[in-house]
Structure formats: structure tokens, C-alpha cells
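Input: a single structure, listed below in C-alpha cells.
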Amino acid sequence: MPSILDGFFYPRTVALIGATDKPTKPGTAILENLAHFNGAVYPVNPKHGTLLGHRCYASIAEVPEEIELAIVALPAPLVEYEVDALRAKGVRRLIIISSGFSEAGEAGGQMQKRIAGKIKEYGMRLIGPNALGVYNTDNGLDSFFVSRERVSRPAAGRLSIISQSGAITVILMEALARDGIGLAKAVNYGNRLDIDDADCLDYFADDPQTGAVAMYIESVADGKKFLQAAKNFTARKPLVVWKAGKFESGAAAVASHTATLAGRYGLYQAAIRQSGAVEAYGFDHMVDAAKAVAVMNYPCLGSRLLIVTNGGGMAVAAADQAGMEGFTMPPVPEDVRQKLRQAFPPYFVLNNPIDITGSGKDEDYRTALKEALPHYDAAIVIVLMGATTVTESVTELIARACHEAKKPVACCILQGLGYTREAMSVLLKLGIPVYPSPERAVRALAALSKVACRGTHEEARS
Amino acid sequence: MKTLDGIIHATLKEGRKALFEHEAKELARSVGIIVPKFEVVAPNDEEALLSAADKLGYPIAVKALSPDILHKTEAGAVMLDIKNKIELASAVKQITNNISHRLPNAMVLHLLLEKMMPPGPELLIGGLRDEQFGPAIAFGLGGIWTETLKDAVFGILPLSRNEMIDMIDETRAGLFFKAFRGAQPLDREPVLSVMQAISRLLTEYQEIREIDLNPVRVYARGAAALDVRILLKA
């Protein structure tokens with residue numbers, strides 16, 4: 001049986017209730033974004049005859065086709081009546097973009113309750129209210145009320161986003177677009193009156209386009225359901241979860257030490273750890289970890305880390321972070337060292353880190369990695385693009401060494417302009433996650449190692 | 001002796017939210033948690049007090065139990081390391097004094113006498129029932145470090161043995177069970193047994209809202225819960 005959410009991501013026909021051309025209204029941006037959708041779009045608004053070249057219908061009842069998904073962008077007080085009209089039309093799925101419900105106080109909460117009653121009675125399924133809805137690179141469906149001029153959309157890729165917050169969804173998409181990380185699908189479920197966090201996880205677990213999920217939550221609808229869905233998900237694909245809102249206090253009247261220590265966050269941490277997901281501790285960490293799990297195809301199966309660099313200081317910083325993340329850095333084995341000694345000039349430093357210095361060439365990276373990486377679980381490769389002996393070809397050589405060894409590699413290239421940016425985007429295309437600082441590269445590898453160890457360590461220890 | 005269900009129902013019937021410590025320890029003992037040997041006497045029965053102390057053997061600890069006192073140490077209701085009957089008499093007097101100053105309306109119903117336990121690293125092992133995630137257990141540093149270092153992690157039930165080991169490994173307290181500076185690591189097994197026992201209490205007694213075993217003292221072999229607090233659902 002196809003998932004409930006399939007109809008939200010792959011409708012053939014979409015009606016936009018509250019379509020308009022006023023630049024400040026959400027209905028305008030959504031209609032513009034729906035121009036990229038490869039299905040049929042039916043704008044509804046009694047005040048317009050045509051909009052963006054579409055015929056605009058005065059009401060949902062006038063739309064001649066069966067509507068598989070309705071996107072509702074009306075002022076909150078009108079929404080509950082529109083739900084009746086949508087039911088009369090036979091619409092089964094809706095996204096309510098409008099805000100002004102339970103998040104806005106008592107009156108909004110009452111309206112939300114009435115809508116909840118109707119949804120249930122009518123057998124409809126709902127994303128929202130107070131939600132951006134869905135984004136699908138597979139068919140161009142985009143219910144987000146932010147224009148593409150303002151917020152870039154990432155290219156198609158393997159990562160999907162589940163977010164309780166619309167704001168985080170949008171800046172995450174922008175960050176992925178900026179860093180060149182491809183996106184499969186995104187969903188922001190807002191007040192989760194019906195479709196919730198666990199439903200989204202279940203859907204993405206089955207979705208063939210999704211290879212990994214980055215998830216932002218402040219709370220979940222049902223703790224047990226979330227834990228089960230996350231467990232099922234991580235059995236198949238990597239999951240990165242950022243739980244924000246960590247320090248709200250628990251129940252006011254707690255009397256035991258245990259309850260005082262728990263707050264809500266302690267239990268969320270438990271759920272994330274037990275589910276086998278990787279916990280992200282903030283925005284950058286989430287983007288970095290998501291990039292690693294979405295881009296890198298090889299698991300990190302242990303803690304032995306190799307560092308190859310052409311700049312000493314950067315490697316020292318990477319080694320410090322490696323120590324904090326629980327990596328070990330055993331020296332390069334003696335036979336490997338002898339091989340490298342013959343291949344390299346005498347001033348290259350052949351410990352771990354391997355420092356090919358500012359006069360190291362593209363090919364030297366490959367040589368170092370080819371010989372040493374098979375003896376390690378993962379590598380950090382640092383390239384200072386300012387060294388005149390390094391060219392843009394270095395990216396391809398690093399990637400080749402990674403794919404030959406089938407071991408995870410994270411690159412650190414200091415973010416700069418033009419030349420450097422190009423190298424970073426090439427590396428990503430070749431399946432190597434790349435980061436603008438050594439610390440972030442190491443943390444991303446650590447995230448990757450957490451994904452892997454969940455899968456293997458139950459067996460390893462039993 | 002009251003049955004365990006009997007203890008819980010009597011507590012609820014009396015309108016108390018917390019079990020008396022000796023009752024909580026009875027419950028803990030029933031699922032295999034080791035607690036110090038204890039005796040309970042009426043607050044003004046001097047003869048019973050002395051014979052209970054002799055039965056346990058000094059040194060002992062004395063605690064005043066009252067439905068009005070939730071935090072015994074803060075109320076001055078605990079005296080430790082009492083070595084003989086002269087110290088015992090003055091300890092009881094001191095406790096009575098403390099309570100009449102700090103909580104003048106508190107009614108002391110029992111005196112709990114306990115055998116002192118040898119020193120050792122102190123852990124917190126606890127449990128609670130969360131409205132979202134259901135029953136969960138906690139593991140971390142206990143004793144005076146509980147609030148200061150906040151070194152505790154949680155686990156949502158049911159938990160496998162390996163998931164409990166994960167919990168221990170997440171904390172600083174977990175280092176007690178690894179060899180360091182030539183010292184013998186402490187035995188993790190009794191701690192895992194306590195975690196399993198608390199899980200059982202939470203599963204079997206739906207009335208329990210929170211459990212605190214703090215401190216749990218860990219020895220080269222074995223672990224004992226020196227204080228057990230059990231709170232019931234209102």
C-alpha cells in the first residue's frame with residue numbers, strides 16, 4: 001500500500017486556494033513556484049480571472065478536474081469553511097499554509113480544533129496548519145511560500161529534510177544550495193495536526209530518492225511512535241537529528257533527582273541515541289553531518305584516522321579535534337613509511353599527519369593516500385589551495401584514492417573565492433564531502449562513524 | 001509484613017505521594033537491589049532503638065521518616081557514622097532539634113536505623129515515567145556530584161543490555177568501569193542488574209512515577225543503594 005504521504009509528494013493535480021499576484025501574499029510565491037511542477041495547477045480565487053497564464057477559478061467547486069492535493073493559503077478564519085468546500089469537491093489531501101492557529105493563542109487553538117474534527121470526520125489527510133508543506137525535486141512540486149529569487153533551491157540529490165520549523169527548513173535549503181549538496185525532498189509539517197514527524201520518517205524510509213534524512217525537531221507528536229519510526233529508518237538509511245529547545249525545564253513539581261536532571265532534552269537524547277540516529281548539536285553541525293552522510297558512500301568502521309596535509313598548522317588543529325571526537329591517530333606503518341620515503345623528497349614529514357608541505361604536488365596526495373589509507377578507517381585531507389604546486393586536478397586525484405581504498409575521506413579546503421570554491425564543488429560531485437575548517441571536517445567524519453557503529457556494534461559485542 | 005502492592009496502596013490511601021524510605025527499600029530489595037541492613041523503630045521507644053542498633057551493629061546511620069519531609073538531608077533528619085549508644089542518643093536528640101527548628105510542623109513517624117556501608121564511588125540510578133516517551137531510566141554520577149556535574153543519561157524502556165552499556169559509556173561515571181592509572185576497574189555487572197531491576201519496578205508497578213537510587217555505592221564486587229526514594233502518581 002502506498003504511503004499516505006505519497007499523495008502529498010506526487011499528486012497529478014494541485015489546486016492553490018488563495019492564489020494571487022499581490023507580491024506580499026504567500027499565494028503569489030507559491031503560484032510562481034508551482035510553475036516548476038510537472039503536474040496540473042489550478043489557482044482558486046474569486047478576485048482573479050487569470051493568474052500567471054493560468055485560468056483562475058472562483059471556487060474549488062468550479063475546477064473541472066479531480067484535485068489530488070489542495071494547498072490552502074487563506075487567512076486563518078476562512079480555512080475551516082474552505083475545508084467543507086474541499087470535501088464537497090472530493091479533495092482528500094490538503095496542506096494548510098496559513099498561520100494563526102494553535103501557535104497564536106486561544107482563539108487560533110479553537111479554530112484548529114474545529115479543523116481537526118472536520119479532517120477526521122471527512123477522512124482527509126493534512127499537513128499543517130502553519131506549514132510550508134512539501135518540496136520535491138523529483139517532480140518540481142514546491143508549496144513553499146518563499147520565492148526562488150530570495151531563497152535558492154538545491155539541485156536534485158539524495159538528502160531529504162524533515163523539519164518542524166519553516167524557518168529552519170528554508171535556511172537549511174539555502175545552506176544546501178550554497179554548499180552544493182543535492183536535495184531529494186523536504187517537508188515542514190508545522191503544527192502537525194495530522195501528519196507528524198514519525199509519518200515523514202516512515203515515508204522517507206521507503207522513498208527511493210531519499211538516501212539520508214536531516215531532521216529538525218523541537219518536540220515530537222508521540223515519543224514512542226517517533227522512536228519506533230526512527231529505529232526503522234536508521235536500519236535502512238542514515239538519519240541526523242537536531243533537537244532544539246534543550247533547556248526548557250521539565251514539570252514544575254519534580255521532586256526526584258532523576259526527574260530534575262531529565263528535563264525534556266534528556267529523554268530526546270535517549271530517543272536519538274537509541275534510534276541509531278546521529279545527534280546534531282546545532283545548525284552548522286547539522287549541515288556538516290548531513291553533507292557527510294548524504295555524499296559519502298563508504299562507512300567509517302573504526303576510529304583510526306589518517307591526516308594528509310600540505311599545511312602543518314591545519315593538521316594540528318584537525319588532530320586536536322580528532323582527539324576530542326574519539327579518533328586515534330596511529331603512526332604510518334613502517335613499511336608504508338619506507339615506500340613513501342622513496343617516492344617523496346626528504347623534507348616531507350611522514351608521521352600521522354603526513355605533511356607534504358607547501359611544495360607538495362597533486363600527485364603526492366594520491367601517493368600518500370594510496371599507500372597509507374588502506375591501513376586506516378578514515379582520512380582527513382587538507383588542501384591549502386594557495387600552494388602554487390597544487391592545481392585543480394588535486395580534487396580528482398583525492399577522490400580517486402578514496403574510491404580505490406573504499407574508505408571515507410573528508411576534505412578541508414578553506415573557503416575562499418573563485419578558484420577554491422570551484423575545487424570544493426568538484427570534490428562534492430566526486431562524492432567527497434568538503435568543509436571550510438579542519439574541525440568541521442573531523443566532526444563530520446565523527447558523525448559518519450556514529451552511523452556505521454550503530455549498525456555493526458550490536459553484533460560486534462554480542 | 002505488608003505486601004509490596006499493600007505498601008503502595010496504603011501510601012496512596014494515606015494521601016502520601018512518596019513511600020517511606022524503608023518501604024521504598026523493601027520494594028527495591030524485592031527486585032534484587034542490595035540495600036543496607038535496616039531496622040525501623042517508633043520515634044520515642046528508646047529501648048527498641050537501642051536493641052535495633054545492637055542488632056545491626058555499629059557504626060550506623062539514623063534517619064527520621066515523616067510524610068512532611070521529602071528532602072531529609074536539608075531538614076537535618078539524617079545522622080551518619082554513629083559509633084555507640086551514647087552517640088546514638090545524642091544523634092536522635094540532634095535530629096529532633098533540627099526538625100523542630102527547620103520544619104516545626106513535620107510529624108516524625110519512624111526512625112530508620114541502617115548499617116553504615118563502606119565508602120566507594122557514588123552513582124545515581126533512577127527511573128521516571130514520561131508522558132511522551134513512557135517509562136525511562138537514568139544513569140550517572142550520584143551523591144554530592146548529582147546536581148553539580150549533571151553527568152546523567154537516560155534510556156527509554158524497553159532497553160537491551162547493550163543499550164544499557166551504551167548509557168554507561170556515554171557518561172563520565174562510566175570511567176569507573178574502565179581501568180585507569182593502574183587501578184582495578186569496578187564491576188559493571190551489579191550496576192547493570194540495578195538498571196534492569198529499576199526497569200522491572202517501573203514496568204510492574206504502574207503507580208510509580210519516579211525512582212531515585214542515590215547514592216548507589218559501587219564496590220570492586222557488588223553495588224548497594226544507600227538511599228531509595230519512590231514517588232507515586234498523584
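So you can find residues: chains in the C-alpha cells are A, B, ... in the order shown, residues in each start at 1, and ligands are numbered from 1 in order.
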Counting only C-alpha atoms, a student should be able to say which residues of chain A come within 6 Å of chain B; what is the right answer, written as a list in words?
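Per the criterion, chain A yields Asp222, Gly223, Lys224, Thr258, Gly266, Leu267 and Ala270 of chain A.
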Could you write those residues out with C-alpha atoms, as a PDB file, in the first residue's frame?
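So selection-v4.pdb came out as:
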ATOM      1  CA  ASP A 222       4.302  10.971  20.120  1.00  0.00           C
ATOM      2  CA  GLY A 223       7.586   9.909  21.707  1.00  0.00           C
ATOM      3  CA  LYS A 224       7.125   6.165  21.337  1.00  0.00           C
ATOM      4  CA  THR A 258      16.186  11.827  38.238  1.00  0.00           C
ATOM      5  CA  GLY A 266      17.487  14.041  28.398  1.00  0.00           C
ATOM      6  CA  LEU A 267      14.705  11.898  27.025  1.00  0.00           C
ATOM      7  CA  ALA A 270      17.900   8.969  24.766  1.00  0.00           C
TER       8      ALA A 270
END
Using DSSP on the backbone coordinates, identify the residues of segment 10-219 of chain B assigned to strand (DSSP E or B); present them as a PyMOL selection string.
chain B and resi 18+38-41+60-65+78-82+110-115+122-130+134-141+152-156+180+183+208-218
Now that the selection is made, can you save its residues with C-alpha atoms as an mmCIF file, in the first residue's frame?
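Okay, this is what ended up in result-v8.cif:
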data_model
loop_
_atom_site.group_PDB
_atom_site.id
_atom_site.type_symbol
_atom_site.label_atom_id
_atom_site.label_comp_id
_atom_site.auth_asym_id
_atom_site.auth_seq_id
_atom_site.Cartn_x
_atom_site.Cartn_y
_atom_site.Cartn_z
ATOM 1 C CA ALA B 18 6.240 9.247 48.459
ATOM 2 C CA PHE B 38 17.967 -1.644 58.350
ATOM 3 C CA GLU B 39 15.577 -1.568 61.311
ATOM 4 C CA VAL B 40 12.565 0.698 61.853
ATOM 5 C CA VAL B 41 11.508 1.867 65.321
ATOM 6 C CA ILE B 60 25.032 3.002 61.955
ATOM 7 C CA ALA B 61 23.075 5.833 60.311
ATOM 8 C CA VAL B 62 19.824 7.232 61.708
ATOM 9 C CA LYS B 63 17.158 8.906 59.589
ATOM 10 C CA ALA B 64 13.837 10.416 60.701
ATOM 11 C CA LEU B 65 10.927 9.440 58.451
ATOM 12 C CA VAL B 78 19.990 12.291 58.841
ATOM 13 C CA MET B 79 22.945 11.493 61.125
ATOM 14 C CA LEU B 80 25.744 9.280 59.868
ATOM 15 C CA ASP B 81 28.526 7.120 61.256
ATOM 16 C CA ILE B 82 27.157 6.684 64.783
ATOM 17 C CA HIS B 110 9.507 6.364 62.297
ATOM 18 C CA LEU B 111 13.221 6.263 62.916
ATOM 19 C CA LEU B 112 15.201 4.307 60.342
ATOM 20 C CA LEU B 113 18.441 2.754 61.559
ATOM 21 C CA GLU B 114 20.884 1.488 58.971
ATOM 22 C CA LYS B 115 24.201 -0.274 58.953
ATOM 23 C CA GLU B 122 28.644 7.041 44.121
ATOM 24 C CA LEU B 123 26.217 6.737 41.248
ATOM 25 C CA LEU B 124 22.689 7.822 40.575
ATOM 26 C CA ILE B 125 20.426 5.219 39.049
ATOM 27 C CA GLY B 126 16.860 6.324 38.637
ATOM 28 C CA GLY B 127 13.631 5.945 36.788
ATOM 29 C CA LEU B 128 10.702 8.049 35.742
ATOM 30 C CA ARG B 129 7.545 7.898 33.702
ATOM 31 C CA ASP B 130 7.416 10.458 30.915
ATOM 32 C CA GLY B 134 6.801 6.364 28.759
ATOM 33 C CA PRO B 135 8.965 4.702 31.398
ATOM 34 C CA ALA B 136 12.667 5.634 31.257
ATOM 35 C CA ILE B 137 15.714 5.034 33.419
ATOM 36 C CA ALA B 138 18.669 7.244 34.288
ATOM 37 C CA PHE B 139 22.330 6.550 34.968
ATOM 38 C CA GLY B 140 25.014 8.984 36.103
ATOM 39 C CA LEU B 141 27.228 10.343 38.830
ATOM 40 C CA ALA B 152 23.447 11.645 33.679
ATOM 41 C CA VAL B 153 21.944 9.988 30.631
ATOM 42 C CA PHE B 154 18.534 8.494 30.056
ATOM 43 C CA GLY B 155 17.244 5.425 28.358
ATOM 44 C CA ILE B 156 13.692 4.769 27.196
ATOM 45 C CA PHE B 180 42.765 3.831 34.819
ATOM 46 C CA ALA B 183 43.501 0.831 39.450
ATOM 47 C CA ILE B 208 5.372 4.569 40.378
ATOM 48 C CA ARG B 209 6.121 7.993 38.938
ATOM 49 C CA GLU B 210 9.779 8.470 39.872
ATOM 50 C CA ILE B 211 12.510 6.411 41.490
ATOM 51 C CA ASP B 212 15.821 7.705 42.779
ATOM 52 C CA LEU B 213 18.596 5.415 43.919
ATOM 53 C CA ASN B 214 21.115 7.999 45.039
ATOM 54 C CA PRO B 215 23.728 7.253 46.001
ATOM 55 C CA VAL B 216 24.349 3.784 44.696
ATOM 56 C CA ARG B 217 27.766 2.863 46.029
ATOM 57 C CA VAL B 218 29.874 0.714 43.759
#
Secondary structure check, alpha helix (DSSP H) residues of segment 31-135 of chain B, as a VMD selection string
chain B and resid 46 to 56 85 to 102
Once you have the residues from the selection above, write them out as a PDB file, in the first residue's frame, restricted to N, CA and C atoms.
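And here is the file that came out, again-v1.pdb:
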ATOM      1  N   GLU B  46      12.852   4.233  73.279  1.00  0.00           N
ATOM      2  CA  GLU B  46      14.309   4.203  73.442  1.00  0.00           C
ATOM      3  C   GLU B  46      14.853   2.780  73.508  1.00  0.00           C
ATOM      4  N   GLU B  47      14.071   1.916  74.169  1.00  0.00           N
ATOM      5  CA  GLU B  47      14.503   0.533  74.323  1.00  0.00           C
ATOM      6  C   GLU B  47      14.628  -0.156  72.955  1.00  0.00           C
ATOM      7  N   ALA B  48      13.589   0.051  72.132  1.00  0.00           N
ATOM      8  CA  ALA B  48      13.599  -0.540  70.798  1.00  0.00           C
ATOM      9  C   ALA B  48      14.747   0.031  69.971  1.00  0.00           C
ATOM     10  N   LEU B  49      15.002   1.317  70.155  1.00  0.00           N
ATOM     11  CA  LEU B  49      16.078   1.997  69.429  1.00  0.00           C
ATOM     12  C   LEU B  49      17.421   1.317  69.704  1.00  0.00           C
ATOM     13  N   LEU B  50      17.702   1.128  71.015  1.00  0.00           N
ATOM     14  CA  LEU B  50      18.992   0.554  71.396  1.00  0.00           C
ATOM     15  C   LEU B  50      19.126  -0.895  70.938  1.00  0.00           C
ATOM     16  N   SER B  51      18.052  -1.654  71.066  1.00  0.00           N
ATOM     17  CA  SER B  51      18.179  -3.059  70.686  1.00  0.00           C
ATOM     18  C   SER B  51      18.278  -3.203  69.164  1.00  0.00           C
ATOM     19  N   ALA B  52      17.605  -2.299  68.419  1.00  0.00           N
ATOM     20  CA  ALA B  52      17.730  -2.328  66.953  1.00  0.00           C
ATOM     21  C   ALA B  52      19.171  -2.013  66.547  1.00  0.00           C
ATOM     22  N   ALA B  53      19.769  -1.029  67.256  1.00  0.00           N
ATOM     23  CA  ALA B  53      21.153  -0.649  66.946  1.00  0.00           C
ATOM     24  C   ALA B  53      22.102  -1.809  67.235  1.00  0.00           C
ATOM     25  N   ASP B  54      21.865  -2.486  68.371  1.00  0.00           N
ATOM     26  CA  ASP B  54      22.710  -3.629  68.715  1.00  0.00           C
ATOM     27  C   ASP B  54      22.572  -4.739  67.681  1.00  0.00           C
ATOM     28  N   LYS B  55      21.342  -4.917  67.229  1.00  0.00           N
ATOM     29  CA  LYS B  55      21.086  -5.973  66.255  1.00  0.00           C
ATOM     30  C   LYS B  55      21.866  -5.708  64.948  1.00  0.00           C
ATOM     31  N   LEU B  56      21.864  -4.430  64.515  1.00  0.00           N
ATOM     32  CA  LEU B  56      22.580  -4.077  63.280  1.00  0.00           C
ATOM     33  C   LEU B  56      24.083  -4.104  63.493  1.00  0.00           C
ATOM     34  N   LYS B  85      26.192   3.740  71.654  1.00  0.00           N
ATOM     35  CA  LYS B  85      24.840   4.142  72.083  1.00  0.00           C
ATOM     36  C   LYS B  85      24.812   5.556  72.641  1.00  0.00           C
ATOM     37  N   ILE B  86      25.948   6.065  73.116  1.00  0.00           N
ATOM     38  CA  ILE B  86      25.976   7.451  73.582  1.00  0.00           C
ATOM     39  C   ILE B  86      25.804   8.394  72.394  1.00  0.00           C
ATOM     40  N   GLU B  87      26.570   8.108  71.330  1.00  0.00           N
ATOM     41  CA  GLU B  87      26.429   8.912  70.104  1.00  0.00           C
ATOM     42  C   GLU B  87      25.018   8.776  69.535  1.00  0.00           C
ATOM     43  N   LEU B  88      24.453   7.586  69.663  1.00  0.00           N
ATOM     44  CA  LEU B  88      23.109   7.350  69.126  1.00  0.00           C
ATOM     45  C   LEU B  88      22.091   8.248  69.829  1.00  0.00           C
ATOM     46  N   ALA B  89      22.171   8.301  71.161  1.00  0.00           N
ATOM     47  CA  ALA B  89      21.225   9.122  71.918  1.00  0.00           C
ATOM     48  C   ALA B  89      21.345  10.588  71.510  1.00  0.00           C
ATOM     49  N   SER B  90      22.593  11.060  71.365  1.00  0.00           N
ATOM     50  CA  SER B  90      22.743  12.476  71.029  1.00  0.00           C
ATOM     51  C   SER B  90      22.345  12.747  69.574  1.00  0.00           C
ATOM     52  N   ALA B  91      22.539  11.731  68.695  1.00  0.00           N
ATOM     53  CA  ALA B  91      22.138  11.892  67.291  1.00  0.00           C
ATOM     54  C   ALA B  91      20.623  12.047  67.176  1.00  0.00           C
ATOM     55  N   VAL B  92      19.909  11.220  67.937  1.00  0.00           N
ATOM     56  CA  VAL B  92      18.443  11.296  67.883  1.00  0.00           C
ATOM     57  C   VAL B  92      17.970  12.650  68.405  1.00  0.00           C
ATOM     58  N   LYS B  93      18.620  13.114  69.465  1.00  0.00           N
ATOM     59  CA  LYS B  93      18.288  14.418  70.039  1.00  0.00           C
ATOM     60  C   LYS B  93      18.541  15.533  69.015  1.00  0.00           C
ATOM     61  N   GLN B  94      19.687  15.438  68.357  1.00  0.00           N
ATOM     62  CA  GLN B  94      20.079  16.428  67.343  1.00  0.00           C
ATOM     63  C   GLN B  94      19.045  16.480  66.212  1.00  0.00           C
ATOM     64  N   ILE B  95      18.649  15.287  65.740  1.00  0.00           N
ATOM     65  CA  ILE B  95      17.662  15.217  64.650  1.00  0.00           C
ATOM     66  C   ILE B  95      16.351  15.874  65.085  1.00  0.00           C
ATOM     67  N   THR B  96      15.904  15.521  66.294  1.00  0.00           N
ATOM     68  CA  THR B  96      14.651  16.094  66.801  1.00  0.00           C
ATOM     69  C   THR B  96      14.739  17.617  66.848  1.00  0.00           C
ATOM     70  N   ASN B  97      15.874  18.103  67.333  1.00  0.00           N
ATOM     71  CA  ASN B  97      16.112  19.545  67.388  1.00  0.00           C
ATOM     72  C   ASN B  97      16.063  20.199  66.014  1.00  0.00           C
ATOM     73  N   ASN B  98      16.833  19.606  65.099  1.00  0.00           N
ATOM     74  CA  ASN B  98      16.899  20.148  63.734  1.00  0.00           C
ATOM     75  C   ASN B  98      15.511  20.295  63.131  1.00  0.00           C
ATOM     76  N   ILE B  99      14.732  19.208  63.266  1.00  0.00           N
ATOM     77  CA  ILE B  99      13.416  19.219  62.627  1.00  0.00           C
ATOM     78  C   ILE B  99      12.507  20.241  63.295  1.00  0.00           C
ATOM     79  N   SER B 100      12.574  20.326  64.603  1.00  0.00           N
ATOM     80  CA  SER B 100      11.670  21.279  65.271  1.00  0.00           C
ATOM     81  C   SER B 100      12.028  22.717  64.900  1.00  0.00           C
ATOM     82  N   HIS B 101      13.285  22.968  64.532  1.00  0.00           N
ATOM     83  CA  HIS B 101      13.652  24.306  64.063  1.00  0.00           C
ATOM     84  C   HIS B 101      13.309  24.531  62.601  1.00  0.00           C
ATOM     85  N   ARG B 102      13.668  23.554  61.774  1.00  0.00           N
ATOM     86  CA  ARG B 102      13.562  23.786  60.326  1.00  0.00           C
ATOM     87  C   ARG B 102      12.171  23.491  59.787  1.00  0.00           C
TER      88      ARG B 102
END
